[in-house]
Amino acid sequence: MTLMSPAPRPHFSYSGLRQGARAALPAFPGFIMFALAFGTAAAQKGLSLGETLGLSAFVYAGASQMVGLEIWQQVWTPTTILTIMTVTAVVNARMIMLGATLQPWLKHEPLPRTALNLFLLTEAGWLIGTRYHNEGGRDVGVLLGCALILWLVWLATTFVGFFAGALVPEPKRFGLDLVMPIFFGVMLVPLWKGAKPALPWLVAGLVSLIVHALVPGYLFIIAGALAGVVAGMLIE
Amino acid sequence: MNGFGSFIASPWGSVLAIAGMTLVTFLCRIAGVVVMSRVRITPRIERGLRALPGSIILATILPTVIDSGFPAMIALAVAIVAMAVTRIDIVGLVAGLGTLAIIRAFG
């Protein structure tokens, strides 16, 4: 799997789909816990099954789905719809940066497949794909296979959470509330290329801590990530 | 306008809300690719983008883990060490979660 010498040209294969689906496995626990929590919260909030599954299937972005629940309406007006769209855009704006890093890999792909790949874009899938790409892999099938299986897991566990949320044991007892941060931390390791390339990460971490202390909401993620990118551009 | 208002107030309003959220999220998902296909990627931009994965990870987990307290920090450290030693992501994840569960059980 580790191909160090000249990277192959970007391509697509069906065996890549399977490889991507297997590579997605470590992201399952985080997806399962988050989708269970979302399905449970949506049911408690009084959303119908169709609304709940619709959010998971089409919006498919955990943080914005959770925030969306907080401002969900029984009776909608043009203003409340615009509000929920704006809040969603703010929470998901960080995805712009994820897509930017994928462009060189996807540029020769047929448009419909890229649209599907990007529709299914998540941070976890992107991190797994980035690791594969860093190790020299260029099969777009891996990215898509990972994305497809994660979407299925997300949708299926939203369904389970909607009906069986009350039966799920207290996640804190098993450390499951921190599944996602710990998975992200694990994915940090293969990215490590020495202290100097990691300097921007430090900047990102510090800025996110400061913004988190000062501004409520999820703004700290995009603020920290942007600071890291700028630091990376400035450090020669 | 009145027709539109009562349409939105009906159960179709939820469909519209989900469609609107889907639209803006999809725009966020494709915007990076669309913009970068029109921008010449200079070495500077490439350096910035290369810093993104690690930056986004730290920006996401640092506030969460620090808010969660000492056991979370230990668990994260154990997960990272286990991953660095074995290079197997599942092992890192299980080591981190196991550590957290054990500390919480006895803490």
# chains A, B, ... in the order shown; residues from 1 in each chain; ligands from 1
$ residues_around --residues "range 12-27 of chain B" --least-positions-apart "3" --cutoff "9 Å" --atoms "only C-alpha atoms" --output "number ranges by chain"
A: 51, 54-55, 58-61, 64-65, 68, 72-78, 80-82, 84-89, 92-93, 95-96, 118-119; B: 7-9, 30-31
$ residues_around --residues "Ile90 in chain B" --least-positions-apart "6" --cutoff "10 Å" --atoms "only C-alpha atoms" --output "PDB file with C-alpha atoms, in the first residue's frame"
ATOM      1  CA  LEU A  25     -13.524   1.047   9.365  1.00  0.00           C
ATOM      2  CA  PRO A  26     -11.776   3.123  12.073  1.00  0.00           C
ATOM      3  CA  ALA A  27     -14.243   5.959  11.409  1.00  0.00           C
ATOM      4  CA  PHE A 183     -10.066   9.057  15.926  1.00  0.00           C
ATOM      5  CA  VAL A 186      -4.979   8.884  15.647  1.00  0.00           C
TER       6      VAL A 186
ATOM      7  CA  ALA B  79      -4.113   6.735  21.372  1.00  0.00           C
ATOM      8  CA  ALA B  82      -0.314   3.399  20.268  1.00  0.00           C
ATOM      9  CA  MET B  83      -0.805   4.597  16.692  1.00  0.00           C
ATOM     10  CA  GLY B  96      -7.485   5.573  23.495  1.00  0.00           C
TER      11      GLY B  96
END
$ residues_around --residues "Arg113 in chain A" --least-positions-apart "6" --cutoff "12 Å" --atoms "only C-alpha atoms" --output "PDB file with C-alpha atoms, in the first residue's frame"
ATOM      1  CA  PHE A  12     -10.512   5.017 -10.698  1.00  0.00           C
ATOM      2  CA  LEU A 106     -10.019  14.846  -8.852  1.00  0.00           C
ATOM      3  CA  LYS A 107      -9.371  17.150 -11.781  1.00  0.00           C
ATOM      4  CA  PHE A 119     -21.697  15.278  -2.041  1.00  0.00           C
ATOM      5  CA  LEU A 120     -20.412  12.551   0.297  1.00  0.00           C
ATOM      6  CA  VAL A 140     -10.203   7.893  -6.620  1.00  0.00           C
ATOM      7  CA  GLY A 141     -12.205   4.719  -5.992  1.00  0.00           C
ATOM      8  CA  LEU A 143     -12.016   7.996  -1.662  1.00  0.00           C
ATOM      9  CA  LEU A 144     -15.467   7.159  -3.025  1.00  0.00           C
ATOM     10  CA  GLY A 145     -15.626   3.688  -1.459  1.00  0.00           C
TER      11      GLY A 145
END
$ residues_around --residues "Ile235 in chain A" --least-positions-apart "6" --cutoff "12 Å" --atoms "only C-alpha atoms" --output "mmCIF file with C-alpha atoms, in the first residue's frame"
data_model
loop_
_atom_site.group_PDB
_atom_site.id
_atom_site.type_symbol
_atom_site.label_atom_id
_atom_site.label_comp_id
_atom_site.auth_asym_id
_atom_site.auth_seq_id
_atom_site.Cartn_x
_atom_site.Cartn_y
_atom_site.Cartn_z
ATOM 1 C CA LYS A 196 8.813 22.072 11.236
ATOM 2 C CA PRO A 197 5.910 21.014 8.983
ATOM 3 C CA ALA A 198 3.862 20.735 12.194
ATOM 4 C CA LEU A 199 4.406 24.351 13.224
ATOM 5 C CA PRO A 200 1.214 25.483 11.446
ATOM 6 C CA TRP A 201 -0.709 22.836 13.416
ATOM 7 C CA VAL A 203 -0.791 27.862 15.326
ATOM 8 C CA GLY A 228 -2.933 26.909 10.154
ATOM 9 C CA VAL A 229 -3.172 27.306 6.372
ATOM 10 C CA PRO B 43 4.277 26.672 -4.088
ATOM 11 C CA ARG B 44 2.970 29.021 -1.394
ATOM 12 C CA ILE B 45 -0.629 27.874 -1.829
ATOM 13 C CA GLU B 46 0.555 24.277 -1.913
ATOM 14 C CA ARG B 47 2.366 24.751 1.414
ATOM 15 C CA GLY B 48 -0.777 26.210 2.924
ATOM 16 C CA ARG B 50 -0.409 20.802 2.941
ATOM 17 C CA ALA B 51 -0.729 22.296 6.435
#
$ atom_distance --atom1 "CA of Gly107 in chain B" --atom2 "CA of Leu176 in chain A"
16.3 Å
$ closest_residue --among "B:Val39, B:Leu52, B:Ala95, B:Ile103" --to "chain A" --atoms "only C-alpha atoms"
B:Leu52
$ residues_around --residues "Ile57 in chain B" --least-positions-apart "3" --cutoff "8 Å" --atoms "only C-alpha atoms" --output "list in words"
Phe184, Gly185 and Leu188 of chain A; Pro53, Gly54, Thr60 and Ile61 of chain B
$ closest_residue --among "A:Asn117, A:Thr158, A:Ser48, A:Thr101" --to "Gly32 in chain B" --atoms "only C-alpha atoms"
A:Thr101
$ decode --residues "range 136-154 of chain A" --atoms "C-alpha atoms" --output "mmCIF file, in the first residue's frame"
data_model
loop_
_atom_site.group_PDB
_atom_site.id
_atom_site.type_symbol
_atom_site.label_atom_id
_atom_site.label_comp_id
_atom_site.auth_asym_id
_atom_site.auth_seq_id
_atom_site.Cartn_x
_atom_site.Cartn_y
_atom_site.Cartn_z
ATOM 1 C CA GLY A 136 1.262 7.651 -2.860
ATOM 2 C CA GLY A 137 -2.175 6.229 -3.680
ATOM 3 C CA ARG A 138 -4.113 7.925 -6.478
ATOM 4 C CA ASP A 139 -7.140 5.642 -6.952
ATOM 5 C CA VAL A 140 -10.203 7.893 -6.620
ATOM 6 C CA GLY A 141 -12.205 4.719 -5.992
ATOM 7 C CA VAL A 142 -10.681 4.549 -2.523
ATOM 8 C CA LEU A 143 -12.016 7.996 -1.662
ATOM 9 C CA LEU A 144 -15.467 7.159 -3.025
ATOM 10 C CA GLY A 145 -15.626 3.688 -1.459
ATOM 11 C CA CYS A 146 -14.803 5.167 1.925
ATOM 12 C CA ALA A 147 -17.392 7.920 1.458
ATOM 13 C CA LEU A 148 -20.167 5.538 0.347
ATOM 14 C CA ILE A 149 -19.794 3.130 3.250
ATOM 15 C CA LEU A 150 -19.642 5.981 5.785
ATOM 16 C CA TRP A 151 -22.845 7.455 4.327
ATOM 17 C CA LEU A 152 -24.595 4.081 4.671
ATOM 18 C CA VAL A 153 -23.411 3.718 8.268
ATOM 19 C CA TRP A 154 -24.588 7.262 9.013
#
